[in-house]
>>> print(open('target.cif').read())   # mmCIF, C-alpha atoms and all ligand atoms
data_entry
#
loop_
_atom_site.group_PDB
_atom_site.id
_atom_site.type_symbol
_atom_site.label_atom_id
_atom_site.label_comp_id
_atom_site.auth_asym_id
_atom_site.auth_seq_id
_atom_site.Cartn_x
_atom_site.Cartn_y
_atom_site.Cartn_z
ATOM 1 C CA MET A 1 2.709 43.307 32.030
ATOM 2 C CA LYS A 2 2.744 40.142 34.134
ATOM 3 C CA ASN A 3 4.803 37.103 33.099
ATOM 4 C CA ILE A 4 3.118 33.723 32.803
ATOM 5 C CA ALA A 5 4.844 30.330 32.615
ATOM 6 C CA VAL A 6 2.857 27.452 31.135
ATOM 7 C CA PHE A 7 3.618 23.875 32.204
ATOM 8 C CA ALA A 8 2.691 21.057 29.793
ATOM 9 C CA SER A 9 3.450 17.406 29.116
ATOM 10 C CA GLY A 10 1.867 16.710 25.765
ATOM 11 C CA PHE A 11 -0.096 18.105 22.863
ATOM 12 C CA GLY A 12 -0.278 21.645 24.176
ATOM 13 C CA SER A 13 -3.536 22.832 22.622
ATOM 14 C CA ASN A 14 -4.323 24.889 25.728
ATOM 15 C CA PHE A 15 -0.840 26.356 25.583
ATOM 16 C CA GLU A 16 -1.522 27.321 21.960
ATOM 17 C CA ALA A 17 -4.851 28.945 22.905
ATOM 18 C CA ILE A 18 -3.079 30.918 25.641
ATOM 19 C CA LEU A 19 -0.360 32.020 23.209
ATOM 20 C CA GLU A 20 -2.896 33.119 20.606
ATOM 21 C CA ALA A 21 -4.945 35.045 23.155
ATOM 22 C CA ALA A 22 -1.787 36.822 24.311
ATOM 23 C CA GLU A 23 -0.754 37.600 20.745
ATOM 24 C CA GLN A 24 -4.208 38.972 19.966
ATOM 25 C CA GLY A 25 -4.318 41.067 23.133
ATOM 26 C CA GLN A 26 -7.262 39.258 24.750
ATOM 27 C CA LEU A 27 -4.857 37.994 27.373
ATOM 28 C CA GLN A 28 -2.785 40.932 28.498
ATOM 29 C CA ALA A 29 0.264 39.085 29.734
ATOM 30 C CA HIS A 30 3.609 37.920 28.466
ATOM 31 C CA ILE A 31 3.905 34.167 27.949
ATOM 32 C CA ALA A 32 7.492 34.088 29.094
ATOM 33 C CA LEU A 33 8.331 30.396 29.466
ATOM 34 C CA LEU A 34 7.143 26.874 28.691
ATOM 35 C CA VAL A 35 8.148 24.164 31.160
ATOM 36 C CA VAL A 36 7.822 20.534 30.066
ATOM 37 C CA ASP A 37 8.663 17.230 31.721
ATOM 38 C CA LYS A 38 8.726 15.494 28.317
ATOM 39 C CA PRO A 39 11.385 17.088 26.123
ATOM 40 C CA ALA A 40 9.912 15.588 22.924
ATOM 41 C CA CYS A 41 6.311 16.630 23.464
ATOM 42 C CA PHE A 42 4.451 18.639 20.825
ATOM 43 C CA ALA A 43 4.022 21.644 23.124
ATOM 44 C CA VAL A 44 7.765 22.297 22.663
ATOM 45 C CA GLU A 45 7.281 22.663 18.916
ATOM 46 C CA ARG A 46 4.490 25.168 19.515
ATOM 47 C CA ALA A 47 6.780 27.180 21.813
ATOM 48 C CA GLN A 48 9.487 27.254 19.167
ATOM 49 C CA ARG A 49 7.014 28.476 16.532
ATOM 50 C CA HIS A 50 5.998 31.320 18.821
ATOM 51 C CA ASN A 51 9.530 32.071 20.035
ATOM 52 C CA VAL A 52 8.783 31.158 23.623
ATOM 53 C CA PRO A 53 11.764 29.868 25.643
ATOM 54 C CA VAL A 54 11.471 26.279 26.861
ATOM 55 C CA PHE A 55 12.763 24.624 29.989
ATOM 56 C CA ALA A 56 12.586 20.874 29.330
ATOM 57 C CA PHE A 57 13.638 18.295 31.865
ATOM 58 C CA ASN A 58 13.345 14.547 32.276
ATOM 59 C CA PRO A 59 12.301 13.629 35.835
ATOM 60 C CA LYS A 60 14.240 10.358 35.523
ATOM 61 C CA ASP A 61 17.488 12.345 35.452
ATOM 62 C CA TYR A 62 16.914 13.520 39.026
ATOM 63 C CA SER A 63 16.848 11.689 42.322
ATOM 64 C CA SER A 64 13.857 13.584 43.677
ATOM 65 C CA LYS A 65 11.015 15.966 42.855
ATOM 66 C CA GLU A 66 12.679 18.524 45.146
ATOM 67 C CA GLU A 67 15.784 18.417 42.981
ATOM 68 C CA TYR A 68 14.105 19.124 39.642
ATOM 69 C CA GLU A 69 11.608 21.560 41.118
ATOM 70 C CA THR A 70 14.533 23.577 42.495
ATOM 71 C CA LEU A 71 15.836 23.883 38.937
ATOM 72 C CA ILE A 72 12.370 24.895 37.728
ATOM 73 C CA VAL A 73 12.167 27.580 40.430
ATOM 74 C CA ASN A 74 15.549 28.956 39.266
ATOM 75 C CA GLN A 75 14.172 29.257 35.749
ATOM 76 C CA LEU A 76 10.932 30.836 36.932
ATOM 77 C CA GLU A 77 12.894 33.410 38.900
ATOM 78 C CA GLU A 78 15.158 34.144 35.947
ATOM 79 C CA TYR A 79 12.100 34.878 33.787
ATOM 80 C CA LYS A 80 10.409 36.807 36.620
ATOM 81 C CA ILE A 81 7.309 34.639 36.458
ATOM 82 C CA ASP A 82 4.232 35.972 38.249
ATOM 83 C CA LEU A 83 1.781 33.163 37.516
ATOM 84 C CA ILE A 84 2.076 29.496 36.569
ATOM 85 C CA ALA A 85 -0.607 27.948 34.350
ATOM 86 C CA LEU A 86 -0.596 24.160 34.292
ATOM 87 C CA ALA A 87 -2.007 22.999 30.965
ATOM 88 C CA GLY A 88 -1.868 19.244 30.689
ATOM 89 C CA TYR A 89 1.124 18.957 33.049
ATOM 90 C CA MET A 90 0.793 15.328 34.103
ATOM 91 C CA ARG A 91 2.567 15.564 37.429
ATOM 92 C CA LEU A 92 1.681 16.487 40.983
ATOM 93 C CA VAL A 93 3.276 19.755 42.004
ATOM 94 C CA GLY A 94 5.581 19.317 45.000
ATOM 95 C CA ASN A 95 6.558 21.347 48.065
ATOM 96 C CA VAL A 96 9.353 23.326 46.455
ATOM 97 C CA LEU A 97 7.136 24.846 43.768
ATOM 98 C CA LEU A 98 4.180 25.247 46.114
ATOM 99 C CA GLN A 99 6.253 27.093 48.700
ATOM 100 C CA HIS A 100 7.760 29.505 46.181
ATOM 101 C CA TYR A 101 4.550 30.146 44.228
ATOM 102 C CA GLU A 102 1.799 29.699 46.779
ATOM 103 C CA GLY A 103 -1.524 30.880 45.378
ATOM 104 C CA LYS A 104 0.068 31.527 41.997
ATOM 105 C CA ILE A 105 -0.302 28.107 40.391
ATOM 106 C CA ILE A 106 -3.469 27.418 38.402
ATOM 107 C CA ASN A 107 -4.658 24.250 36.668
ATOM 108 C CA ILE A 108 -7.333 23.368 34.141
ATOM 109 C CA HIS A 109 -9.162 20.075 34.485
ATOM 110 C CA PRO A 110 -11.560 18.555 31.925
ATOM 111 C CA ALA A 111 -14.362 17.704 34.369
ATOM 112 C CA LEU A 112 -16.613 19.401 36.876
ATOM 113 C CA LEU A 113 -14.534 18.953 40.022
ATOM 114 C CA PRO A 114 -14.779 17.530 42.591
ATOM 115 C CA ALA A 115 -16.152 14.847 40.236
ATOM 116 C CA PHE A 116 -13.629 12.863 38.203
ATOM 117 C CA PRO A 117 -10.241 14.137 39.409
ATOM 118 C CA GLY A 118 -7.027 12.648 38.017
ATOM 119 C CA THR A 119 -6.300 11.218 34.590
ATOM 120 C CA HIS A 120 -8.779 10.143 31.875
ATOM 121 C CA ALA A 121 -11.466 12.345 33.399
ATOM 122 C CA ILE A 122 -13.461 12.713 30.174
ATOM 123 C CA GLU A 123 -13.636 8.965 29.501
ATOM 124 C CA LYS A 124 -14.473 8.269 33.145
ATOM 125 C CA ALA A 125 -17.315 10.795 33.113
ATOM 126 C CA TYR A 126 -18.614 9.493 29.777
ATOM 127 C CA ASP A 127 -18.492 5.858 30.906
ATOM 128 C CA TYR A 128 -20.237 6.826 34.148
ATOM 129 C CA GLY A 129 -23.120 8.162 32.082
ATOM 130 C CA VAL A 130 -22.712 11.831 32.887
ATOM 131 C CA LYS A 131 -25.079 14.081 30.890
ATOM 132 C CA ILE A 132 -23.594 17.461 31.760
ATOM 133 C CA PHE A 133 -19.916 17.789 30.979
ATOM 134 C CA GLY A 134 -17.669 20.595 31.986
ATOM 135 C CA ILE A 135 -14.308 21.990 32.914
ATOM 136 C CA THR A 136 -12.755 23.453 36.027
ATOM 137 C CA ILE A 137 -10.035 26.022 36.554
ATOM 138 C CA HIS A 138 -8.644 25.875 40.067
ATOM 139 C CA TYR A 139 -5.744 26.815 42.285
ATOM 140 C CA VAL A 140 -3.175 24.074 42.739
ATOM 141 C CA ASP A 141 -2.424 22.588 46.127
ATOM 142 C CA ALA A 142 -0.603 19.402 47.119
ATOM 143 C CA GLY A 143 -3.567 17.167 46.250
ATOM 144 C CA MET A 144 -4.769 15.730 42.974
ATOM 145 C CA ASP A 145 -7.101 18.406 41.509
ATOM 146 C CA THR A 146 -8.226 19.438 44.999
ATOM 147 C CA GLY A 147 -7.437 23.169 45.098
ATOM 148 C CA LYS A 148 -9.970 25.989 45.395
ATOM 149 C CA ILE A 149 -12.177 26.380 42.331
ATOM 150 C CA ILE A 150 -11.841 29.605 40.359
ATOM 151 C CA ALA A 151 -14.207 28.986 37.446
ATOM 152 C CA GLN A 152 -16.248 26.283 35.751
ATOM 153 C CA ASP A 153 -18.192 25.983 32.521
ATOM 154 C CA CYS A 154 -20.388 23.192 31.181
ATOM 155 C CA PHE A 155 -22.633 21.909 28.406
ATOM 156 C CA LYS A 156 -25.343 19.302 27.981
ATOM 157 C CA MET A 157 -24.437 16.185 26.067
ATOM 158 C CA LYS A 158 -26.403 15.752 22.838
ATOM 159 C CA GLU A 159 -28.365 12.567 22.199
ATOM 160 C CA GLY A 160 -25.975 9.891 20.883
ATOM 161 C CA GLU A 161 -22.879 12.060 21.092
ATOM 162 C CA SER A 162 -19.668 10.006 21.034
ATOM 163 C CA VAL A 163 -16.868 10.359 23.570
ATOM 164 C CA ASP A 164 -14.683 11.914 20.871
ATOM 165 C CA GLU A 165 -17.318 14.532 20.121
ATOM 166 C CA VAL A 166 -17.709 15.323 23.811
ATOM 167 C CA GLU A 167 -13.945 15.568 24.149
ATOM 168 C CA ALA A 168 -13.709 18.002 21.241
ATOM 169 C CA ARG A 169 -16.351 20.236 22.824
ATOM 170 C CA ILE A 170 -14.560 20.102 26.172
ATOM 171 C CA HIS A 171 -11.311 21.235 24.588
ATOM 172 C CA GLN A 172 -13.127 24.024 22.762
ATOM 173 C CA LEU A 173 -14.540 25.224 26.064
ATOM 174 C CA GLU A 174 -11.100 25.025 27.691
ATOM 175 C CA HIS A 175 -9.515 27.078 24.945
ATOM 176 C CA GLN A 176 -12.077 29.837 25.470
ATOM 177 C CA LEU A 177 -12.177 29.888 29.254
ATOM 178 C CA TYR A 178 -8.522 29.423 30.252
ATOM 179 C CA PRO A 179 -7.117 32.560 28.555
ATOM 180 C CA LYS A 180 -10.082 34.592 29.840
ATOM 181 C CA ILE A 181 -9.547 33.523 33.462
ATOM 182 C CA LEU A 182 -5.781 33.985 33.239
ATOM 183 C CA ASN A 183 -6.392 37.512 32.013
ATOM 184 C CA GLN A 184 -8.643 38.206 35.004
ATOM 185 C CA LEU A 185 -6.080 36.772 37.401
ATOM 186 C CA VAL A 186 -3.159 38.817 36.121
ATOM 187 C CA ASN A 187 -5.073 42.050 35.548
ATOM 188 C CA HIS A 188 -7.519 42.262 38.430
HETATM 189 C C1 LIG A 201 -6.691 19.236 28.892
HETATM 190 O O1 LIG A 201 -7.890 18.533 28.692
HETATM 191 C C2 LIG A 201 -6.578 19.718 30.311
HETATM 192 O O2 LIG A 201 -7.819 19.999 30.890
HETATM 193 C C3 LIG A 201 -5.952 18.542 31.008
HETATM 194 O O3 LIG A 201 -5.054 18.022 30.070
HETATM 195 C C4 LIG A 201 -5.481 18.316 28.757
HETATM 196 C C5 LIG A 201 -4.336 18.975 28.054
HETATM 197 O O4 LIG A 201 -4.556 19.105 26.678
HETATM 198 N N1 LIG A 201 -5.365 18.949 32.245
HETATM 199 P P1 LIG A 201 -3.548 19.959 25.801
HETATM 200 O O5 LIG A 201 -2.147 19.394 26.014
HETATM 201 O O6 LIG A 201 -3.629 21.390 26.274
HETATM 202 O O7 LIG A 201 -3.985 19.804 24.393
#
>>> encode(input="target.cif", output="structure tokens")
Amino acid sequence: MKNIAVFASGFGSNFEAILEAAEQGQLQAHIALLVVDKPACFAVERAQRHNVPVFAFNPKDYSSKEEYETLIVNQLEEYKIDLIALAGYMRLVGNVLLQHYEGKIINIHPALLPAFPGTHAIEKAYDYGVKIFGITIHYVDAGMDTGKIIAQDCFKMKEGESVDEVEARIHQLEHQLYPKILNQLVNH
């Protein structure tokens, strides 16, 4: 079975969906490690509940991205990680990680890329007046949400739907699609 590391910075609902899919056998992989850049984030609590080891670091403790990414790579090698799934990891991936895990880092984004890359994508799309919302799973490269697209899914906004309602539907879609695609990637 392949080993997956999930990277998160916050709430970790996608991480939870990935864990549950793995526990239920829909995702045939071992969720071997959680990496967070915010040691107090809620994703850490989820990892503890599911007995997943955590590597938590604070970027401010290091002089460069290269320095902390070298530590991350050490951890990934120790846990024999085959695939990295970014799930709300609010940081651009740098050269060190990209060189060691080229083609093995995946991200989920809450918009139909290439529209609305970067942060606050759902609000930006909503404020723009978008009527079809969606999500994108893509390979990670050095850019901001610019890597090759692997999968997308979408839905039509309902008349008068609020941004919160749209957001909830987007997360629901993410929680279904991400584990499914990860399973395809590790078991193709
Ligand atoms: C998700 O909407 C994901 O698409 C984006 O960040 C959010 C993370 O949410 N990259 P959560 O931490 O998984 O709940």
>>> resolve_selection(input="target.cif", expression="the PyMOL selection byres (((not hetatm)) within 9 of (chain A and resi 201))", output="PyMOL selection string")
chain A and resi 8-17+42-43+86-90+107-111+118-122+135-137+167+170-171+174-175
>>> atom_distance(input="target.cif", atom1="CA of Met157 in chain A", atom2="CA of Arg91 in chain A")
29.3 Å
>>> resolve_selection(input="target.cif", expression="the PyMOL selection byres (((chain A and resi 162) around 12) and not hetatm)", output="PyMOL selection string")
chain A and resi 122-123+126-127+129+131+157-161+163-169
>>> closest_residue(input="target.cif", among="A:Ile81, A:Lys38, A:Ala47, A:Lys65", to="Tyr101 in chain A", atoms="only C-alpha atoms")
A:Ile81
>>> axis_aligned_box(input="target.cif", around="range 147-154 of chain A", padding_each_side="3 Å", output="JSON")
{"center_x": -13.9, "center_y": 26.4, "center_z": 38.3, "size_x": 19.0, "size_y": 12.4, "size_z": 20.2}
>>> closest_residue(input="target.cif", among="A:Val93, A:His30, A:Glu45, A:Leu98", to="Phe7 in chain A", atoms="all atoms listed in the file")
A:Val93
>>> resolve_selection(input="target.cif", expression="the PyMOL selection byres (((chain A and resi 32) around 8) and not hetatm)", output="PyMOL selection string")
chain A and resi 3-5+30-31+33-34+52-53+79+81
>>> atom_distance(input="target.cif", atom1="CA of Ile132 in chain A", atom2="CA of Cys154 in chain A")
6.6 Å
>>> atom_distance(input="target.cif", atom1="CA of Glu77 in chain A", atom2="CA of His50 in chain A")
21.3 Å
>>> residues_around(input="target.cif", residues="Pro59 in chain A", least_positions_apart="5", cutoff="10 Å", atoms="all atoms listed in the file", output="MDAnalysis selection string")
chainID A and resid 37:38 64:65 67:69
>>> residues_near_point(input="target.cif", point="(-2.7, 22.8, 42.1)", cutoff="10 Å", atoms="all atoms listed in the file", output="list in words")
Ile84, Ala85, Leu86, Leu92, Val93, Gly94, Leu98, Glu102, Gly103, Lys104, Ile105, Ile106, Asn107, Ile108, Ile137, His138, Tyr139, Val140, Asp141, Ala142, Gly143, Met144, Asp145, Thr146, Gly147 and Lys148 of chain A
>>> closest_residue(input="target.cif", among="A:Val130, A:Met1, A:Val6, A:Leu97", to="Gly25 in chain A", atoms="only C-alpha atoms")
A:Met1
>>> decode(input="target.cif", residues="range 83-158 of chain A", atoms="C-alpha atoms", output="compact mmCIF listing (two decimals), in the first residue's frame")
# COMPACT_ATOMS: atom_id res chain seq x y z
CA LEU A 83 2.44 11.00 -2.64
CA ILE A 84 1.85 14.40 -1.04
CA ALA A 85 -1.70 15.77 -0.89
CA LEU A 86 -1.92 19.47 -0.11
CA ALA A 87 -5.24 20.14 1.61
CA GLY A 88 -5.50 23.76 2.63
CA TYR A 89 -1.72 24.18 2.94
CA MET A 90 -1.45 27.96 2.66
CA ARG A 91 2.09 28.15 1.35
CA LEU A 92 3.83 27.96 -1.99
CA VAL A 93 5.86 24.79 -2.32
CA GLY A 94 9.55 25.54 -2.90
CA ASN A 95 12.41 24.01 -4.89
CA VAL A 96 13.53 21.52 -2.26
CA LEU A 97 10.17 19.76 -2.06
CA LEU A 98 9.53 20.06 -5.79
CA GLN A 99 12.88 18.52 -6.66
CA HIS A 100 12.46 15.57 -4.31
CA TYR A 101 8.80 14.89 -5.12
CA GLU A 102 8.41 16.04 -8.70
CA GLY A 103 5.06 14.94 -10.09
CA LYS A 104 4.04 13.56 -6.71
CA ILE A 105 2.53 16.65 -5.12
CA ILE A 106 -1.19 17.27 -5.62
CA ASN A 107 -3.38 20.18 -4.53
CA ILE A 108 -7.10 20.84 -4.27
CA HIS A 109 -8.40 24.29 -5.09
CA PRO A 110 -11.97 25.55 -4.50
CA ALA A 111 -12.49 27.08 -7.96
CA LEU A 112 -12.43 26.07 -11.60
CA LEU A 113 -8.81 26.87 -12.43
CA PRO A 114 -7.36 28.74 -14.19
CA ALA A 115 -10.08 31.08 -12.86
CA PHE A 116 -9.64 32.43 -9.33
CA PRO A 117 -6.24 31.09 -8.23
CA GLY A 118 -4.84 32.00 -4.82
CA THR A 119 -6.63 32.73 -1.56
CA HIS A 120 -10.34 33.53 -1.01
CA ALA A 121 -11.23 31.89 -4.31
CA ILE A 122 -14.84 31.14 -3.35
CA GLU A 123 -15.60 34.71 -2.24
CA LYS A 124 -13.85 36.11 -5.31
CA ALA A 125 -15.87 33.90 -7.65
CA TYR A 126 -19.11 34.70 -5.82
CA ASP A 127 -18.45 38.45 -5.86
CA TYR A 128 -17.56 38.24 -9.55
CA GLY A 129 -21.02 36.83 -10.20
CA VAL A 130 -20.00 33.34 -11.23
CA LYS A 131 -22.98 31.00 -11.77
CA ILE A 132 -21.13 27.70 -12.08
CA PHE A 133 -18.88 26.90 -9.16
CA GLY A 134 -16.39 24.13 -8.96
CA ILE A 135 -13.20 22.61 -7.70
CA THR A 136 -9.90 21.59 -9.23
CA ILE A 137 -7.39 18.92 -8.32
CA HIS A 138 -4.03 19.55 -9.94
CA TYR A 139 -0.35 18.76 -9.83
CA VAL A 140 1.74 21.29 -7.94
CA ASP A 141 4.47 23.28 -9.62
CA ALA A 142 6.33 26.41 -8.53
CA GLY A 143 3.43 28.72 -9.41
CA MET A 144 0.29 29.65 -7.54
CA ASP A 145 -2.29 26.99 -8.52
CA THR A 146 -0.77 26.70 -12.00
CA GLY A 147 0.07 22.99 -12.28
CA LYS A 148 -1.49 20.51 -14.71
CA ILE A 149 -5.15 19.79 -14.00
CA ILE A 150 -6.05 16.25 -12.97
CA ALA A 151 -9.77 16.56 -12.29
CA GLN A 152 -12.56 19.09 -11.87
CA ASP A 153 -16.16 18.99 -10.74
CA CYS A 154 -18.83 21.69 -10.67
CA PHE A 155 -22.41 22.66 -9.87
CA LYS A 156 -24.85 25.39 -10.84
CA MET A 157 -25.59 28.02 -8.25
CA LYS A 158 -29.22 28.05 -7.10
